[in-house]
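S.K.: First the structure, then my questions, so here it is.
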Amino acid sequence: MKNAKISNAVINRLPRYRRYLMELQKKGVEKISSKEFSNLIGYTASQIRQDLNNFGGFGQQGYGYSVESLREEIDAILGLDKEYRMVIMGAGNLGQAITKYANTIKGGFKVSGVFEVNKNLIGTMLEGIEIMDYEDIVEFVEKEKIDIGIICVDRENAQEVADKLCFAGVKGIWSFARTDIEVPKHVALEVVHLSDSIHTLAYRMNDIKKTDAKKGGRKKTD
């Protein structure tokens, strides 16, 4: 497997495959063909086979895919066969929401600490975790061997927080700050722009409206 040659588009589809496979497992489905999977998930059967073939392919001709085995293989590809320790940077409204959400993520993700600069929040509890002083983050990350830093601070302070997390030794950063940030090459980065998502939704809504209007226009002409 040569990950360097695998596109981000393929990687981004894997969690969706995994999610549908987990639902199939819950329903007791043991095997599925690429065609059946295509009808379920919305990608073409050819696309599914091509994506999985990037990692060696896991189906058997005449049988299809073992739902459990394929889900386990995707777990391994995504690195979900191990535990990740995380810290939340920022305990405001967003930080509180992300902390609650992060505690529901299955697959070995554990929030080990929450950090804040607001003295009124330091020492209080959030989801059973005591909020700590931001100044102690480097020592905590090093001592607890934290893997992931989740940034929930304002855009003006996001880069500074990212720099401190990288210096402390995290391997990945998941940022919800409304800005792009830079990290060293050895640190993985995933930036979530919530505004981008809702802007995309707005486009799709208006695109559907335009398409419906065109269809309506053609019908009137007929």
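Chain identifiers are assigned as A, B, and so on, following the order in which chains appear in the structure tokens; residues are numbered from 1 within each chain, and ligands are numbered from 1 in order of appearance.
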Can you list, as a PyMOL selection string, all residues belonging to chain A that DSSP tags as strand (DSSP E)?
M.R.: chain A and resi 31-32+65-66+84-89+109-116+125-126+129-133+148-151+172-175+188-191
S.K.: Keeping only N, CA, C and O atoms, write those residues as a CSV table (one decimal), in the first residue's frame.
M.R.:
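Output file result.csv is given in full below:
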chain,number,residue,atom,x,y,z
A,31,LYS,N,-22.6,-10.3,4.2
A,31,LYS,CA,-21.9,-10.0,2.9
A,31,LYS,C,-22.6,-9.1,2.0
A,31,LYS,O,-23.9,-9.0,2.1
A,32,ILE,N,-21.9,-8.4,1.1
A,32,ILE,CA,-22.5,-7.4,0.2
A,32,ILE,C,-21.7,-7.3,-1.0
A,32,ILE,O,-20.5,-7.3,-1.0
A,65,TYR,N,-18.2,-8.7,-0.7
A,65,TYR,CA,-17.4,-8.3,0.4
A,65,TYR,C,-18.0,-8.9,1.7
A,65,TYR,O,-19.2,-8.9,1.9
A,66,SER,N,-17.1,-9.4,2.6
A,66,SER,CA,-17.5,-9.7,4.0
A,66,SER,C,-17.7,-8.3,4.7
A,66,SER,O,-16.7,-7.6,4.8
A,84,TYR,N,-6.4,7.0,20.7
A,84,TYR,CA,-5.9,8.3,20.6
A,84,TYR,C,-6.3,9.2,21.8
A,84,TYR,O,-7.5,9.2,22.2
A,85,ARG,N,-5.3,9.8,22.4
A,85,ARG,CA,-5.6,10.7,23.5
A,85,ARG,C,-5.6,12.2,23.0
A,85,ARG,O,-4.7,12.6,22.2
A,86,MET,N,-6.7,12.9,23.4
A,86,MET,CA,-6.9,14.2,22.9
A,86,MET,C,-7.0,15.3,24.0
A,86,MET,O,-7.4,15.0,25.1
A,87,VAL,N,-6.7,16.5,23.6
A,87,VAL,CA,-7.0,17.7,24.5
A,87,VAL,C,-7.8,18.7,23.7
A,87,VAL,O,-7.6,18.8,22.5
A,88,ILE,N,-8.7,19.4,24.4
A,88,ILE,CA,-9.5,20.4,23.8
A,88,ILE,C,-8.9,21.8,24.2
A,88,ILE,O,-8.7,22.0,25.4
A,89,MET,N,-8.7,22.6,23.3
A,89,MET,CA,-8.1,23.9,23.5
A,89,MET,C,-9.2,25.0,23.4
A,89,MET,O,-9.7,25.3,22.3
A,109,PHE,N,-11.1,7.2,20.6
A,109,PHE,CA,-10.7,8.6,20.9
A,109,PHE,C,-11.1,9.0,22.3
A,109,PHE,O,-12.3,8.8,22.7
A,110,LYS,N,-10.2,9.5,23.0
A,110,LYS,CA,-10.5,9.9,24.4
A,110,LYS,C,-10.0,11.3,24.7
A,110,LYS,O,-8.9,11.6,24.5
A,111,VAL,N,-10.9,12.1,25.3
A,111,VAL,CA,-10.5,13.5,25.7
A,111,VAL,C,-9.9,13.3,27.1
A,111,VAL,O,-10.5,12.9,28.0
A,112,SER,N,-8.6,13.7,27.1
A,112,SER,CA,-7.8,13.6,28.3
A,112,SER,C,-7.7,14.9,29.1
A,112,SER,O,-7.4,14.9,30.3
A,113,GLY,N,-8.0,16.0,28.4
A,113,GLY,CA,-7.8,17.3,29.1
A,113,GLY,C,-8.5,18.4,28.3
A,113,GLY,O,-8.6,18.3,27.1
A,114,VAL,N,-8.9,19.5,29.0
A,114,VAL,CA,-9.5,20.7,28.5
A,114,VAL,C,-8.8,21.9,29.0
A,114,VAL,O,-8.5,21.9,30.2
A,115,PHE,N,-8.4,22.8,28.1
A,115,PHE,CA,-7.6,23.9,28.6
A,115,PHE,C,-8.2,25.3,28.2
A,115,PHE,O,-8.8,25.4,27.1
A,116,GLU,N,-8.0,26.3,29.0
A,116,GLU,CA,-8.7,27.5,28.9
A,116,GLU,C,-7.8,28.7,29.5
A,116,GLU,O,-7.0,28.4,30.4
A,125,MET,N,-15.7,21.9,36.0
A,125,MET,CA,-15.8,20.6,35.3
A,125,MET,C,-16.6,20.7,34.0
A,125,MET,O,-17.6,21.4,33.9
A,126,LEU,N,-16.1,20.0,33.1
A,126,LEU,CA,-16.8,19.9,31.8
A,126,LEU,C,-16.7,18.4,31.3
A,126,LEU,O,-15.7,17.9,31.1
A,129,ILE,N,-14.4,16.4,33.2
A,129,ILE,CA,-13.0,16.7,33.1
A,129,ILE,C,-12.8,18.1,33.7
A,129,ILE,O,-13.5,19.0,33.4
A,130,GLU,N,-11.8,18.2,34.6
A,130,GLU,CA,-11.5,19.5,35.1
A,130,GLU,C,-10.8,20.4,34.1
A,130,GLU,O,-9.8,20.0,33.5
A,131,ILE,N,-11.3,21.6,33.9
A,131,ILE,CA,-10.7,22.5,33.0
A,131,ILE,C,-9.4,23.1,33.6
A,131,ILE,O,-9.3,23.6,34.7
A,132,MET,N,-8.3,23.0,32.8
A,132,MET,CA,-7.0,23.4,33.3
A,132,MET,C,-6.5,24.7,32.6
A,132,MET,O,-7.0,25.1,31.6
A,133,ASP,N,-5.4,25.2,33.2
A,133,ASP,CA,-4.8,26.5,32.8
A,133,ASP,C,-4.1,26.2,31.5
A,133,ASP,O,-3.3,25.3,31.4
A,148,ILE,N,-3.6,14.1,19.8
A,148,ILE,CA,-4.4,15.1,19.0
A,148,ILE,C,-4.7,16.3,19.9
A,148,ILE,O,-5.2,16.2,21.0
A,149,GLY,N,-4.6,17.5,19.3
A,149,GLY,CA,-5.0,18.7,19.9
A,149,GLY,C,-6.2,19.3,19.1
A,149,GLY,O,-6.1,19.4,17.9
A,150,ILE,N,-7.3,19.5,19.8
A,150,ILE,CA,-8.5,20.1,19.1
A,150,ILE,C,-8.6,21.5,19.5
A,150,ILE,O,-8.8,21.9,20.6
A,151,ILE,N,-8.6,22.4,18.4
A,151,ILE,CA,-8.5,23.8,18.6
A,151,ILE,C,-9.9,24.4,18.5
A,151,ILE,O,-10.6,24.3,17.5
A,172,GLY,N,-1.3,15.3,15.6
A,172,GLY,CA,-2.3,15.8,14.8
A,172,GLY,C,-3.1,16.9,15.4
A,172,GLY,O,-3.2,17.0,16.6
A,173,ILE,N,-3.7,17.8,14.6
A,173,ILE,CA,-4.5,18.9,15.0
A,173,ILE,C,-5.8,18.9,14.3
A,173,ILE,O,-5.8,18.8,13.0
A,174,TRP,N,-6.9,19.0,15.0
A,174,TRP,CA,-8.2,19.1,14.5
A,174,TRP,C,-8.7,20.5,14.9
A,174,TRP,O,-9.0,20.8,16.0
A,175,SER,N,-8.8,21.4,13.9
A,175,SER,CA,-9.1,22.8,14.2
A,175,SER,C,-10.5,23.2,13.8
A,175,SER,O,-10.9,23.0,12.6
A,188,ALA,N,-0.1,16.1,11.3
A,188,ALA,CA,-1.3,16.0,10.5
A,188,ALA,C,-2.3,17.1,10.9
A,188,ALA,O,-2.4,17.5,12.1
A,189,LEU,N,-3.0,17.7,9.9
A,189,LEU,CA,-3.9,18.8,10.1
A,189,LEU,C,-5.2,18.6,9.4
A,189,LEU,O,-5.2,18.3,8.2
A,190,GLU,N,-6.3,18.8,10.2
A,190,GLU,CA,-7.6,18.8,9.6
A,190,GLU,C,-8.3,20.0,10.1
A,190,GLU,O,-8.5,20.2,11.3
A,191,VAL,N,-8.7,20.9,9.1
A,191,VAL,CA,-9.4,22.1,9.5
A,191,VAL,C,-10.8,22.0,9.1
A,191,VAL,O,-11.2,21.7,7.9
S.K.: Tell me, as a ChimeraX atom specification, which residues lie within 7 Å of stretch 135-140 of chain A, counting only C-alpha atoms; anything in the same chain fewer than 3 positions away does not count.
M.R.: /A:143-144,164-165,168
S.K.: Of the candidates A:Ala202, A:Val170, A:Val10, A:Leu40, which one gets nearest to A:Asp147 if we count only C-alpha atoms?
M.R.: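 When distances to A:Asp147 are compared using only C-alpha atoms, the smallest one comes from A:Val170.
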S.K.: Write out as a list in words the residues lying within 7 Å of A:Ala177, counting only C-alpha atoms and excluding same-chain residues fewer than 4 positions away.
M.R.: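 Selected residues are Ile151, Cys152, Val153, Asp154, Arg155 and Ala158 of chain A.
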S.K.: Do you have the atom CA of A:Arg18-atom CA of A:Ser38 distance handy?
M.R.: 13.6 Å
S.K.: What does the distance between atom CA of A:Lys171 and atom CA of A:Asp81 come to in Å, to one decimal place?
M.R.: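 A separation of 16.4 Å between them.
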S.K.: Can you work out the spacing between atom CA of A:Phe167 and atom CA of A:Ile6 in Å, to one decimal?
M.R.: 28.8 Å
